[in-house]
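Next comes data-v6.cif, a file with mmCIF, C-alpha atoms.
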data_start
loop_
_atom_site.label_atom_id
_atom_site.label_comp_id
_atom_site.auth_asym_id
_atom_site.auth_seq_id
_atom_site.Cartn_x
_atom_site.Cartn_y
_atom_site.Cartn_z
CA GLY A 1 16.70 -4.76 15.57
CA GLU A 2 15.00 -1.55 14.56
CA ASP A 3 13.01 -1.84 11.41
CA VAL A 4 9.53 -0.65 10.52
CA GLU A 5 8.08 -1.47 7.12
CA GLN A 6 5.07 -0.11 5.30
CA SER A 7 3.54 -0.43 1.88
CA LEU A 8 4.50 2.64 -0.12
CA PHE A 9 1.32 3.68 -1.88
CA LEU A 10 -2.45 3.36 -1.55
CA SER A 11 -5.10 4.84 -3.80
CA VAL A 12 -8.80 4.84 -2.82
CA ARG A 13 -12.00 6.54 -3.89
CA GLU A 14 -13.63 9.15 -1.72
CA GLY A 15 -16.05 7.53 0.70
CA ASP A 16 -14.26 4.17 0.70
CA SER A 17 -12.26 2.81 3.62
CA SER A 18 -8.46 2.92 3.55
CA VAL A 19 -6.27 0.39 5.31
CA ILE A 20 -2.58 1.11 5.77
CA ASN A 21 -0.40 -1.70 7.04
CA CYS A 22 2.85 -1.74 8.98
CA THR A 23 5.18 -4.35 10.43
CA TYR A 24 7.75 -3.70 13.11
CA THR A 25 10.55 -5.72 14.66
CA ASP A 26 11.10 -4.58 18.24
CA SER A 27 8.81 -6.63 20.45
CA SER A 28 9.63 -4.45 23.47
CA SER A 29 7.91 -1.40 21.97
CA THR A 30 5.40 -0.10 24.47
CA TYR A 31 3.59 2.32 22.21
CA LEU A 32 3.01 2.35 18.47
CA TYR A 33 1.98 5.48 16.63
CA TRP A 34 0.48 6.72 13.41
CA TYR A 35 1.54 10.11 12.12
CA LYS A 36 0.23 12.08 9.15
CA GLN A 37 2.34 14.40 7.01
CA GLU A 38 0.72 16.78 4.56
CA PRO A 39 2.84 18.37 1.80
CA GLY A 40 5.32 20.89 3.15
CA ALA A 41 4.27 20.33 6.73
CA GLY A 42 5.58 18.59 9.81
CA LEU A 43 4.23 15.37 11.24
CA GLN A 44 0.96 15.35 13.09
CA LEU A 45 0.21 12.63 15.62
CA LEU A 46 -3.02 10.92 14.54
CA THR A 47 -3.35 8.17 17.08
CA TYR A 48 -1.40 5.66 19.11
CA ILE A 49 -1.97 2.27 20.67
CA PHE A 50 -0.54 0.75 23.81
CA SER A 51 1.08 -2.62 23.20
CA ASN A 52 -1.30 -4.54 25.47
CA MET A 53 -4.29 -3.49 23.37
CA ASP A 54 -5.60 -5.20 20.25
CA MET A 55 -7.70 -2.40 18.92
CA LYS A 56 -8.33 1.28 19.38
CA GLN A 57 -11.05 3.35 17.77
CA ASP A 58 -10.98 7.11 17.48
CA GLN A 59 -13.77 8.57 15.34
CA ARG A 60 -13.00 7.54 11.74
CA LEU A 61 -9.72 5.89 12.72
CA THR A 62 -9.34 2.27 13.84
CA VAL A 63 -5.97 0.87 14.84
CA LEU A 64 -5.47 -2.88 14.98
CA LEU A 65 -2.45 -4.46 16.63
CA ASN A 66 -1.36 -8.06 16.23
CA LYS A 67 1.49 -8.30 18.67
CA LYS A 68 2.29 -11.91 17.83
CA ASP A 69 2.89 -11.04 14.17
CA LYS A 70 4.20 -7.54 14.98
CA HIS A 71 1.62 -6.10 12.59
CA LEU A 72 -0.13 -2.77 12.95
CA SER A 73 -2.82 -1.33 10.72
CA LEU A 74 -4.67 1.94 10.42
CA ARG A 75 -8.15 1.98 8.96
CA ILE A 76 -9.69 5.26 7.89
CA ALA A 77 -13.43 5.04 7.39
CA ASP A 78 -15.23 7.22 4.82
CA THR A 79 -11.95 8.50 3.40
CA GLN A 80 -12.03 12.13 2.28
CA THR A 81 -9.82 14.06 -0.14
CA GLY A 82 -8.39 15.90 2.88
CA ASP A 83 -7.00 12.58 4.07
CA SER A 84 -4.54 12.54 1.16
CA ALA A 85 -1.11 12.65 2.79
CA ILE A 86 1.80 10.44 3.81
CA TYR A 87 1.10 8.20 6.79
CA PHE A 88 3.94 7.03 8.99
CA CYS A 89 3.91 4.15 11.38
CA ALA A 90 6.37 4.47 14.28
CA GLU A 91 7.45 2.45 17.28
CA SER A 92 8.91 3.76 20.49
CA ILE A 93 12.18 2.07 21.35
CA GLY A 94 14.31 2.01 24.45
CA TYR A 95 15.76 4.72 26.59
CA GLY A 96 15.06 8.22 25.38
CA ASN A 97 11.70 7.32 23.86
CA LYS A 98 13.31 7.13 20.44
CA LEU A 99 10.76 6.87 17.64
CA VAL A 100 11.69 4.66 14.70
CA PHE A 101 9.60 5.42 11.63
CA GLY A 102 8.54 3.41 8.64
CA ALA A 103 9.16 4.81 5.17
CA GLY A 104 5.63 6.20 4.96
CA THR A 105 2.59 5.25 2.90
CA ILE A 106 1.33 7.78 0.36
CA LEU A 107 -2.47 7.82 0.47
CA ARG A 108 -4.17 9.30 -2.55
CA VAL A 109 -7.91 9.85 -2.42
CA LYS A 110 -9.71 10.23 -5.73
CA SER A 111 -12.95 12.20 -5.86
CA ASP B 1 1.03 30.30 19.20
CA THR B 2 3.28 27.74 17.53
CA ALA B 3 4.16 24.84 19.81
CA VAL B 4 7.45 23.83 18.15
CA SER B 5 8.97 26.47 15.91
CA GLN B 6 12.02 26.16 13.71
CA THR B 7 13.96 28.79 11.85
CA PRO B 8 14.68 29.20 9.08
CA LYS B 9 12.01 27.36 7.10
CA TYR B 10 14.20 27.28 4.00
CA LEU B 11 17.97 27.41 3.77
CA VAL B 12 19.96 27.35 0.54
CA THR B 13 23.71 27.41 0.90
CA GLN B 14 26.91 26.43 -0.83
CA MET B 15 29.02 23.39 -0.13
CA GLY B 16 31.62 24.00 2.54
CA ASN B 17 29.61 26.63 4.42
CA ASP B 18 28.62 26.43 8.08
CA LYS B 19 24.98 26.96 9.01
CA SER B 20 22.69 26.73 12.03
CA ILE B 21 19.04 25.80 12.48
CA LYS B 22 17.19 26.90 15.59
CA CYS B 23 14.31 25.25 17.40
CA GLU B 24 12.17 26.39 20.28
CA GLN B 25 9.21 24.74 22.01
CA ASN B 26 6.69 26.35 24.35
CA LEU B 27 5.00 23.15 25.51
CA GLY B 28 6.99 22.79 28.69
CA HIS B 29 8.45 19.51 27.42
CA ASP B 30 11.76 18.34 28.80
CA THR B 31 13.02 16.41 25.77
CA MET B 32 13.85 17.63 22.27
CA TYR B 33 14.94 15.85 19.12
CA TRP B 34 16.37 16.42 15.68
CA TYR B 35 15.24 14.19 12.84
CA LYS B 36 16.41 14.18 9.24
CA GLN B 37 13.97 13.41 6.40
CA ASP B 38 15.65 12.54 3.14
CA SER B 39 14.35 12.91 -0.40
CA LYS B 40 12.54 9.56 -0.15
CA LYS B 41 10.69 10.86 2.96
CA PHE B 42 12.57 8.47 5.24
CA LEU B 43 12.84 9.88 8.79
CA LYS B 44 15.79 9.10 10.98
CA ILE B 45 16.64 10.36 14.44
CA MET B 46 19.88 12.27 14.82
CA PHE B 47 19.97 13.58 18.39
CA SER B 48 17.91 13.88 21.52
CA TYR B 49 18.36 16.06 24.59
CA ASN B 50 16.61 15.62 27.91
CA ASN B 51 16.88 18.58 30.28
CA LYS B 52 19.85 19.88 28.29
CA GLU B 53 21.65 16.54 28.46
CA LEU B 54 22.43 14.59 25.32
CA ILE B 55 20.71 11.19 25.57
CA ILE B 56 20.59 9.97 21.98
CA ASN B 57 23.36 10.45 19.47
CA GLU B 58 22.89 8.29 16.41
CA THR B 59 25.58 7.70 13.85
CA VAL B 60 25.82 11.25 12.62
CA PRO B 61 28.99 12.88 11.20
CA ASN B 62 30.70 15.07 13.77
CA ARG B 63 30.16 18.02 11.42
CA PHE B 64 26.73 18.11 13.07
CA SER B 65 26.76 19.59 16.55
CA PRO B 66 23.59 20.08 18.57
CA LYS B 67 23.38 22.59 21.39
CA SER B 68 20.71 22.92 24.03
CA PRO B 69 21.08 26.14 26.03
CA ASP B 70 17.94 25.31 28.02
CA LYS B 71 15.21 22.70 27.81
CA ALA B 72 13.05 24.87 25.55
CA HIS B 73 15.70 25.24 22.86
CA LEU B 74 17.68 22.85 20.72
CA ASN B 75 19.84 24.20 17.93
CA LEU B 76 21.70 22.32 15.23
CA HIS B 77 24.96 23.59 13.80
CA ILE B 78 26.39 22.02 10.67
CA ASN B 79 29.99 22.59 9.58
CA SER B 80 31.43 22.11 6.10
CA LEU B 81 28.12 21.40 4.45
CA GLU B 82 28.01 18.65 1.82
CA LEU B 83 25.55 17.92 -0.99
CA GLY B 84 24.33 14.87 0.92
CA ASP B 85 23.21 17.06 3.82
CA SER B 86 20.35 18.35 1.67
CA ALA B 87 17.17 17.22 3.43
CA VAL B 88 14.35 18.44 5.61
CA TYR B 89 15.36 18.67 9.25
CA PHE B 90 12.61 18.34 11.83
CA CYS B 91 12.76 19.37 15.42
CA ALA B 92 10.39 17.67 17.87
CA SER B 93 9.68 17.67 21.56
CA SER B 94 8.06 15.37 24.08
CA GLN B 95 7.71 14.84 27.79
CA PHE B 96 10.26 12.21 28.62
CA HIS B 97 8.73 9.06 29.98
CA THR B 98 9.75 5.51 29.31
CA ASP B 99 6.20 4.59 28.43
CA SER B 100 4.99 7.77 26.82
CA SER B 101 1.70 7.83 25.04
CA THR B 102 2.01 11.38 23.93
CA GLY B 103 4.38 10.85 21.05
CA TYR B 104 6.23 13.83 19.73
CA THR B 105 5.13 17.29 18.67
CA PHE B 106 6.96 18.21 15.49
CA GLY B 107 8.01 21.52 14.07
CA SER B 108 7.18 22.29 10.45
CA GLY B 109 10.69 21.51 9.26
CA THR B 110 13.69 23.30 7.75
CA ARG B 111 14.37 22.48 4.13
CA LEU B 112 18.13 22.62 3.65
CA THR B 113 19.49 22.66 0.09
CA VAL B 114 23.23 22.49 -0.42
CA VAL B 115 24.40 23.56 -3.89
#

Structure encoded using structure tokens:
Amino acid sequence: GEDVEQSLFLSVREGDSSVINCTYTDSSSTYLYWYKQEPGAGLQLLTYIFSNMDMKQDQRLTVLLNKKDKHLSLRIADTQTGDSAIYFCAESIGYGNKLVFGAGTILRVKS
Amino acid sequence: DTAVSQTPKYLVTQMGNDKSIKCEQNLGHDTMYWYKQDSKKFLKIMFSYNNKELIINETVPNRFSPKSPDKAHLNLHINSLELGDSAVYFCASSQFHTDSSTGYTFGSGTRLTVV
């Protein structure tokens, strides 16, 4: 089936780490993605991970993948107020490279 | 130079009208998509075209008709607009590959309000 679930809201203080979690259902997904959406804007690709990897680090971002549990997480180190946005987890499914998105996690960073 | 551009950015129209949204990409991608984002921010794919050929057509009312005159353009025409069509419509593009790491590049969206 096609289903991606995320927690809906996360509030952190500036300078803390943020961890956004996601679970997905399609075990055949080759790539999993994290997108960021700021108010009134489109979606910006933040990072992705290939399904045979456990972890990927990209500057302040760390993606962890537990393929057995179909669990994906995004850690943002030293969270800044500019990180406040909606974060979407997505998996790539089947022919046509269709992306199935989670409902998005609203990250609010308090100064 | 905008990579994926959509017009118009805002569209307010009455129920029953017909309207079109246009999308163009200058990335040289061969695949384009339309996604609908509802008021709860949930994103769902509607259509995808690869080299002008329709490859994904989700369960979308046939009032919605996509058209791809060439691989750089994908337009969306909506007939007999209904209140429930109010949403933000996103166009996106990618380079088609079964195992693509590039994800999509999204346009900034068209906010459609049906009154």

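You can rank B:Ser86, B:Lys40, B:Ser65, B:Thr113 by their closest distance to chain A using all atoms listed in the file, and at the top of that list sits B:Lys40.
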
Surrounding residues of Cys22 in chain A excluding itself and chain neighbours under 4 positions, 9 Å, only C-alpha atoms, as a PDB file with C-alpha atoms, in the frame of the given file:
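Below is the file result-v8.pdb, written as the result:
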ATOM      1  CA  VAL A   4       9.530  -0.650  10.520  1.00  0.00           C
ATOM      2  CA  GLU A   5       8.080  -1.470   7.120  1.00  0.00           C
ATOM      3  CA  GLN A   6       5.070  -0.110   5.300  1.00  0.00           C
ATOM      4  CA  SER A   7       3.540  -0.430   1.880  1.00  0.00           C
ATOM      5  CA  LYS A  70       4.200  -7.540  14.980  1.00  0.00           C
ATOM      6  CA  HIS A  71       1.620  -6.100  12.590  1.00  0.00           C
ATOM      7  CA  LEU A  72      -0.130  -2.770  12.950  1.00  0.00           C
ATOM      8  CA  SER A  73      -2.820  -1.330  10.720  1.00  0.00           C
ATOM      9  CA  LEU A  74      -4.670   1.940  10.420  1.00  0.00           C
ATOM     10  CA  PHE A  88       3.940   7.030   8.990  1.00  0.00           C
ATOM     11  CA  CYS A  89       3.910   4.150  11.380  1.00  0.00           C
ATOM     12  CA  ALA A  90       6.370   4.470  14.280  1.00  0.00           C
ATOM     13  CA  GLY A 102       8.540   3.410   8.640  1.00  0.00           C
TER      14      GLY A 102
END

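Distances here use only C-alpha atoms; by that measure, the residue among B:Cys23, B:Asp38, B:Ile45, B:Arg63 closest to Glu82 in chain B is B:Arg63.
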
Closest pair table for chain A residues within 6 Å of chain B, all atoms listed in the file, as JSON lines:
{"residue": "A:Ala41", "atom": "CA", "partner": "B:Ser108", "partner_atom": "CA", "distance": 5.1}
{"residue": "A:Gly42", "atom": "CA", "partner": "B:Ser108", "partner_atom": "CA", "distance": 4.1}
{"residue": "A:Leu43", "atom": "CA", "partner": "B:Phe106", "partner_atom": "CA", "distance": 5.8}
{"residue": "A:Ala103", "atom": "CA", "partner": "B:Phe42", "partner_atom": "CA", "distance": 5.0}

Discussion item. Can you tell me which residues surround range 68-76 of chain B at a distance of at most 6 Å, considering all atoms listed in the file, apart from same-chain residues fewer than 4 positions away, and format the answer as number ranges by chain?
Written reply: B: 20-25, 30, 51-52

Might I get the box with edges along x, y and z of the file that holds all atoms of range 40-52 of chain A listed there, padded by 5 Å on every side, given as centre and edge lengths in Å to one decimal, as JSON?
{"center_x": 1.1, "center_y": 8.2, "center_z": 14.3, "size_x": 18.9, "size_y": 35.4, "size_z": 32.3}
